Amino acid sequence: MCMKQVPETTEVKIDQAQNRVDTGGLTRIINPYDTYALEEAIRIKENSGATVTVVSMGPDEVDQSLREALAMGADEAVRLSDPAFEGSDPLATAYILARGIEKLGDYDLIICGRQAMDGSSGNVGPGVAEELGLPQVTFVRKIEELKEGYIRLQRMTDDGYEVLEGPLPMLITVVKEINEPRLASLKGLMKAKRVTIPVWGLSDLGADPSRVGPSGSPTVVAKVAPPPPRSGGEIIEGTPEEQVKTLVAKLKAQKVL
Ligand SMILES: Cc1cc2nc3c(=O)[nH]c(=O)nc-3n(C[C@H](O)[C@H](O)[C@H](O)COP(=O)(O)OP(=O)(O)OC[C@H]3O[C@@H](n4cnc5c(N)ncnc54)[C@H](O)[C@@H]3O)c2cc1C
């Protein structure tokens, strides 16, 4: 499964000079959507004896989240890191993750979160599937059946869900309705502390340098700015009928109606 480490807070500081989010000094956690992806992978392991490998691209601090994933029940963790990966947008990130997964070799199911809490593009999972030439199903809320070479699942939609089936290997992205993630046990955390996490860089992955970092990233962040502070609201007085009349008049004046 693919796990991203993200800053814990939603009160994001903006570095307007650099046009990016300033994450300095923030506590870092497993992307909340990825805890559902990890939990689902561990449940599959418990039911089928599969092996769960967690792959993450990021700096040294990411090891802490990878250890937490191992303590929850993952079997192996790999971190993808190289100075050349810095400045990678979601397309380049997907390329790097795909090369890492390819190097790991044999896989049946790749599970990602529906989106990262910080970047929130929701592009990385589908990008990895595309890179590996795999079928993909996004927004999965339940795996109904999983057996050799076959999966049937429920995909959440705006007004219900679809039941889809297809061949393995496949990539899925999951929503939080899929399960209730477990907490890492203290014993697991102690054990995970002693694990050496392999780190694979550009040359280990045999990756094309022109497809990583800024040169492999077509996204240009033109401007990053905090939202303008909210102006005070207006309370409309009167009976409910009067309030409705006033509100409709105001909306018409603003050409909203
Ligand atoms: C021009 C540009 C430059 C950037 N430079 C940097 C940089 O230097 N350093 C940096 O940290 N970020 C950088 N970013 C942000 C980074 O590219 C994105 O955060 C990353 O590509 C993931 O995209 P997302 O957050 O939208 O993830 P989403 O697509 O919303 O994530 C969906 C799922 O994909 C998986 N996933 C996403 N990212 C990872 C990951 N890193 N490892 C494993 N699984 C993952 C997870 O399962 C996640 O739930 C940059 C972005 C842009 C646009």
# chains A, B, ... in the order shown; residues from 1 in each chain; ligands from 1
>>> residues_near_ligand(ligand="ligand 1", cutoff="7 Å", atoms="only C-alpha atoms and all ligand atoms", output="ChimeraX atom specification")
/A:1-4,31,33-34,55-58,86-93,97,111-125,214,217,219-221
>>> write_last_selection(atoms="C-alpha atoms", output="compact mmCIF listing (two decimals), in the first residue's frame")
# COMPACT_ATOMS: atom_id res chain seq x y z
CA MET A 1 0.00 0.00 0.00
CA CYS A 2 1.11 3.60 -0.56
CA MET A 3 1.36 5.78 2.53
CA LYS A 4 2.10 9.50 2.64
CA ASN A 31 -2.19 10.64 6.06
CA TYR A 33 -6.95 8.24 4.50
CA ASP A 34 -3.93 5.96 4.37
CA VAL A 55 5.81 2.19 0.29
CA SER A 56 6.32 5.87 0.95
CA MET A 57 8.18 8.64 -0.79
CA GLY A 58 9.58 11.28 1.51
CA GLU A 86 12.55 17.04 -4.30
CA GLY A 87 9.99 19.25 -6.04
CA SER A 88 8.08 16.28 -7.45
CA ASP A 89 4.44 17.02 -8.23
CA PRO A 90 1.76 14.29 -8.12
CA LEU A 91 2.69 13.02 -11.63
CA ALA A 92 6.37 12.62 -10.72
CA THR A 93 5.40 11.17 -7.32
CA LEU A 97 6.10 5.14 -6.47
CA ILE A 111 -4.16 0.17 -2.02
CA CYS A 112 -3.95 3.97 -1.72
CA GLY A 113 -5.96 6.53 0.19
CA ARG A 114 -8.53 8.55 -1.79
CA GLN A 115 -6.42 11.68 -1.25
CA ALA A 116 -3.72 13.19 0.89
CA MET A 117 -4.85 15.58 3.62
CA ASP A 118 -2.37 18.25 2.49
CA GLY A 119 -1.91 18.04 -1.30
CA SER A 120 -5.43 16.59 -1.79
CA SER A 121 -5.05 16.18 -5.55
CA GLY A 122 -6.27 12.57 -5.46
CA ASN A 123 -4.05 12.04 -8.49
CA VAL A 124 -1.31 9.83 -7.14
CA GLY A 125 -3.23 6.53 -6.92
CA PRO A 214 10.96 19.69 -11.15
CA SER A 217 6.63 17.85 -12.87
CA THR A 219 2.36 21.27 -12.49
CA VAL A 220 3.29 24.87 -11.83
CA VAL A 221 2.06 26.42 -8.60
>>> select_by_dssp(residues="segment 130-212 of chain A", states="strand (DSSP E or B)", output="PyMOL selection string")
chain A and resi 136-147+150-157+160-167+170-174+199-200
>>> write_last_selection(atoms="N, CA and C atoms", output="short mmCIF file (atom, residue, chain, number, x, y, z; two decimals), in the first residue's frame")
data_model
loop_
_atom_site.label_atom_id
_atom_site.label_comp_id
_atom_site.auth_asym_id
_atom_site.auth_seq_id
_atom_site.Cartn_x
_atom_site.Cartn_y
_atom_site.Cartn_z
N GLN A 136 -7.88 0.26 -12.41
CA GLN A 136 -7.99 0.97 -11.13
C GLN A 136 -9.45 1.23 -10.79
N VAL A 137 -9.75 1.21 -9.51
CA VAL A 137 -11.08 1.61 -9.03
C VAL A 137 -10.85 2.58 -7.87
N THR A 138 -11.42 3.79 -7.99
CA THR A 138 -11.25 4.79 -6.93
C THR A 138 -12.46 4.78 -5.99
N PHE A 139 -12.31 5.39 -4.84
CA PHE A 139 -13.38 5.57 -3.84
C PHE A 139 -14.02 4.24 -3.41
N VAL A 140 -13.20 3.26 -3.16
CA VAL A 140 -13.75 1.94 -2.77
C VAL A 140 -14.21 2.00 -1.31
N ARG A 141 -15.46 1.55 -1.06
CA ARG A 141 -15.98 1.57 0.32
C ARG A 141 -16.13 0.17 0.90
N LYS A 142 -16.00 -0.85 0.04
CA LYS A 142 -16.06 -2.23 0.56
C LYS A 142 -15.46 -3.19 -0.46
N ILE A 143 -14.67 -4.13 0.04
CA ILE A 143 -14.24 -5.24 -0.81
C ILE A 143 -15.20 -6.39 -0.52
N GLU A 144 -16.02 -6.75 -1.53
CA GLU A 144 -17.01 -7.81 -1.30
C GLU A 144 -16.40 -9.19 -1.42
N GLU A 145 -15.51 -9.35 -2.40
CA GLU A 145 -14.88 -10.66 -2.59
C GLU A 145 -13.48 -10.48 -3.16
N LEU A 146 -12.58 -11.28 -2.68
CA LEU A 146 -11.20 -11.22 -3.16
C LEU A 146 -10.67 -12.65 -3.23
N LYS A 147 -10.30 -13.06 -4.41
CA LYS A 147 -9.69 -14.39 -4.54
C LYS A 147 -8.66 -14.34 -5.66
N TYR A 150 -9.05 -12.21 -8.92
CA TYR A 150 -10.41 -11.63 -9.05
C TYR A 150 -10.76 -10.79 -7.82
N ILE A 151 -11.40 -9.64 -8.09
CA ILE A 151 -11.89 -8.80 -6.98
C ILE A 151 -13.27 -8.24 -7.34
N ARG A 152 -14.16 -8.21 -6.33
CA ARG A 152 -15.46 -7.53 -6.51
C ARG A 152 -15.59 -6.52 -5.38
N LEU A 153 -15.93 -5.27 -5.76
CA LEU A 153 -15.93 -4.24 -4.73
C LEU A 153 -17.05 -3.22 -4.94
N GLN A 154 -17.28 -2.44 -3.89
CA GLN A 154 -18.26 -1.36 -3.95
C GLN A 154 -17.52 -0.04 -4.06
N ARG A 155 -17.94 0.76 -5.05
CA ARG A 155 -17.32 2.07 -5.26
C ARG A 155 -18.33 3.14 -4.88
N MET A 156 -17.94 4.02 -3.96
CA MET A 156 -18.87 5.04 -3.50
C MET A 156 -19.12 6.09 -4.59
N THR A 157 -20.39 6.47 -4.76
CA THR A 157 -20.72 7.55 -5.70
C THR A 157 -21.48 8.62 -4.90
N GLY A 160 -24.96 6.91 -3.89
CA GLY A 160 -25.07 5.49 -3.56
C GLY A 160 -23.74 4.79 -3.79
N TYR A 161 -23.80 3.61 -4.40
CA TYR A 161 -22.55 2.93 -4.73
C TYR A 161 -22.73 2.03 -5.94
N GLU A 162 -21.61 1.74 -6.60
CA GLU A 162 -21.59 0.82 -7.74
C GLU A 162 -20.90 -0.47 -7.29
N VAL A 163 -21.34 -1.60 -7.84
CA VAL A 163 -20.61 -2.86 -7.59
C VAL A 163 -19.81 -3.16 -8.86
N LEU A 164 -18.50 -3.29 -8.69
CA LEU A 164 -17.62 -3.52 -9.84
C LEU A 164 -16.80 -4.78 -9.60
N GLU A 165 -16.45 -5.46 -10.67
CA GLU A 165 -15.56 -6.61 -10.52
C GLU A 165 -14.48 -6.53 -11.59
N GLY A 166 -13.38 -7.17 -11.32
CA GLY A 166 -12.30 -7.11 -12.30
C GLY A 166 -11.17 -8.04 -11.92
N PRO A 167 -10.15 -8.05 -12.79
CA PRO A 167 -9.02 -8.96 -12.56
C PRO A 167 -7.97 -8.32 -11.63
N MET A 170 -4.63 -5.09 -9.47
CA MET A 170 -5.42 -3.87 -9.63
C MET A 170 -4.96 -2.86 -8.58
N LEU A 171 -5.23 -1.58 -8.87
CA LEU A 171 -4.99 -0.54 -7.85
C LEU A 171 -6.33 0.02 -7.42
N ILE A 172 -6.51 0.18 -6.11
CA ILE A 172 -7.74 0.81 -5.62
C ILE A 172 -7.37 1.97 -4.69
N THR A 173 -8.27 2.96 -4.63
CA THR A 173 -8.13 3.99 -3.60
C THR A 173 -9.37 3.87 -2.71
N VAL A 174 -9.17 4.06 -1.41
CA VAL A 174 -10.27 3.77 -0.48
C VAL A 174 -10.76 5.02 0.25
N VAL A 199 16.06 2.27 2.05
CA VAL A 199 15.79 3.53 1.35
C VAL A 199 16.29 3.37 -0.08
N TRP A 200 15.42 3.57 -1.03
CA TRP A 200 15.79 3.43 -2.44
C TRP A 200 15.78 4.80 -3.11
#
>>> residues_around(residues="Ile101 of chain A", least_positions_apart="2", cutoff="12 Å", atoms="only C-alpha atoms", output="MDAnalysis selection string")
chainID A and resid 1:2 53:57 77:80 94:99 103:111 128:129 131:132 171 200 205
>>> closest_residue(among="A:Glu8, A:Asp63, A:Glu241, A:Asp75", to="Leu26 of chain A", atoms="only C-alpha atoms")
A:Glu8
>>> closest_residue(among="A:Thr27, A:Ala253, A:Ala37, A:Ala17", to="Gln64 of chain A", atoms="only C-alpha atoms")
A:Thr27
>>> select_by_dssp(residues="segment 88-142 of chain A", states="alpha helix (DSSP H)", output="VMD selection string")
chain A and resid 90 to 104 124 to 132
>>> closest_residue(among="A:Asp60, A:Pro169, A:Ile236, A:Gly188", to="Val248 of chain A", atoms="only C-alpha atoms")
A:Ile236
>>> residues_around(residues="Thr35 of chain A", least_positions_apart="5", cutoff="9 Å", atoms="only C-alpha atoms", output="ChimeraX atom specification")
/A:3,30,40,69,113,176,180-182
>>> residues_around(residues="Met190 of chain A", least_positions_apart="2", cutoff="12 Å", atoms="only C-alpha atoms", output="PyMOL selection string")
chain A and resi 67-68+70-72+184-188+192-195
>>> write_last_selection(atoms="N, CA and C atoms", output="PDB file, in the first residue's frame")
ATOM      1  N   ARG A  67       7.311   3.064  10.654  1.00  0.00           N
ATOM      2  CA  ARG A  67       7.391   2.184  11.841  1.00  0.00           C
ATOM      3  C   ARG A  67       6.009   2.013  12.466  1.00  0.00           C
ATOM      4  N   GLU A  68       5.234   3.091  12.455  1.00  0.00           N
ATOM      5  CA  GLU A  68       3.869   2.999  12.997  1.00  0.00           C
ATOM      6  C   GLU A  68       3.043   2.007  12.161  1.00  0.00           C
ATOM      7  N   LEU A  70       4.237  -0.509  10.492  1.00  0.00           N
ATOM      8  CA  LEU A  70       4.725  -1.863  10.829  1.00  0.00           C
ATOM      9  C   LEU A  70       4.113  -2.308  12.161  1.00  0.00           C
ATOM     10  N   ALA A  71       4.005  -1.357  13.097  1.00  0.00           N
ATOM     11  CA  ALA A  71       3.444  -1.692  14.406  1.00  0.00           C
ATOM     12  C   ALA A  71       1.953  -2.022  14.306  1.00  0.00           C
ATOM     13  N   MET A  72       1.283  -1.445  13.323  1.00  0.00           N
ATOM     14  CA  MET A  72      -0.140  -1.769  13.123  1.00  0.00           C
ATOM     15  C   MET A  72      -0.305  -3.183  12.558  1.00  0.00           C
ATOM     16  N   ALA A 184      -1.827   1.267  16.626  1.00  0.00           N
ATOM     17  CA  ALA A 184      -0.588   0.476  16.738  1.00  0.00           C
ATOM     18  C   ALA A 184      -0.424   0.052  18.198  1.00  0.00           C
ATOM     19  N   SER A 185      -0.025  -1.193  18.429  1.00  0.00           N
ATOM     20  CA  SER A 185       0.168  -1.654  19.809  1.00  0.00           C
ATOM     21  C   SER A 185       1.538  -1.195  20.315  1.00  0.00           C
ATOM     22  N   LEU A 186       1.654  -1.089  21.630  1.00  0.00           N
ATOM     23  CA  LEU A 186       2.926  -0.675  22.224  1.00  0.00           C
ATOM     24  C   LEU A 186       4.015  -1.701  21.887  1.00  0.00           C
ATOM     25  N   LYS A 187       3.636  -2.995  21.980  1.00  0.00           N
ATOM     26  CA  LYS A 187       4.584  -4.072  21.675  1.00  0.00           C
ATOM     27  C   LYS A 187       5.055  -3.940  20.215  1.00  0.00           C
ATOM     28  N   GLY A 188       4.093  -3.671  19.342  1.00  0.00           N
ATOM     29  CA  GLY A 188       4.407  -3.512  17.921  1.00  0.00           C
ATOM     30  C   GLY A 188       5.340  -2.339  17.694  1.00  0.00           C
ATOM     31  N   ALA A 192       8.979  -2.463  16.074  1.00  0.00           N
ATOM     32  CA  ALA A 192       9.234  -1.720  14.824  1.00  0.00           C
ATOM     33  C   ALA A 192      10.417  -0.770  14.950  1.00  0.00           C
ATOM     34  N   LYS A 193      10.703  -0.347  16.185  1.00  0.00           N
ATOM     35  CA  LYS A 193      11.831   0.567  16.431  1.00  0.00           C
ATOM     36  C   LYS A 193      13.143  -0.032  15.948  1.00  0.00           C
ATOM     37  N   ARG A 194      13.226  -1.359  16.025  1.00  0.00           N
ATOM     38  CA  ARG A 194      14.498  -2.038  15.714  1.00  0.00           C
ATOM     39  C   ARG A 194      14.637  -2.390  14.230  1.00  0.00           C
ATOM     40  N   VAL A 195      13.570  -2.153  13.450  1.00  0.00           N
ATOM     41  CA  VAL A 195      13.602  -2.543  12.036  1.00  0.00           C
ATOM     42  C   VAL A 195      14.408  -1.519  11.226  1.00  0.00           C
TER      43      VAL A 195
END
>>> atom_distance(atom1="atom CA of Gly213 of chain A", atom2="atom CA of Ala84 of chain A")
5.7 Å
>>> atom_distance(atom1="atom CA of Leu202 of chain A", atom2="atom CA of Glu130 of chain A")
20.0 Å
>>> closest_residue(among="A:Ile14, A:Leu189, A:Ala74, A:Leu134", to="Lys45 of chain A", atoms="only C-alpha atoms")
A:Ala74
>>> atom_distance(atom1="atom CA of Leu38 of chain A", atom2="atom CA of Ala50 of chain A")
13.0 Å
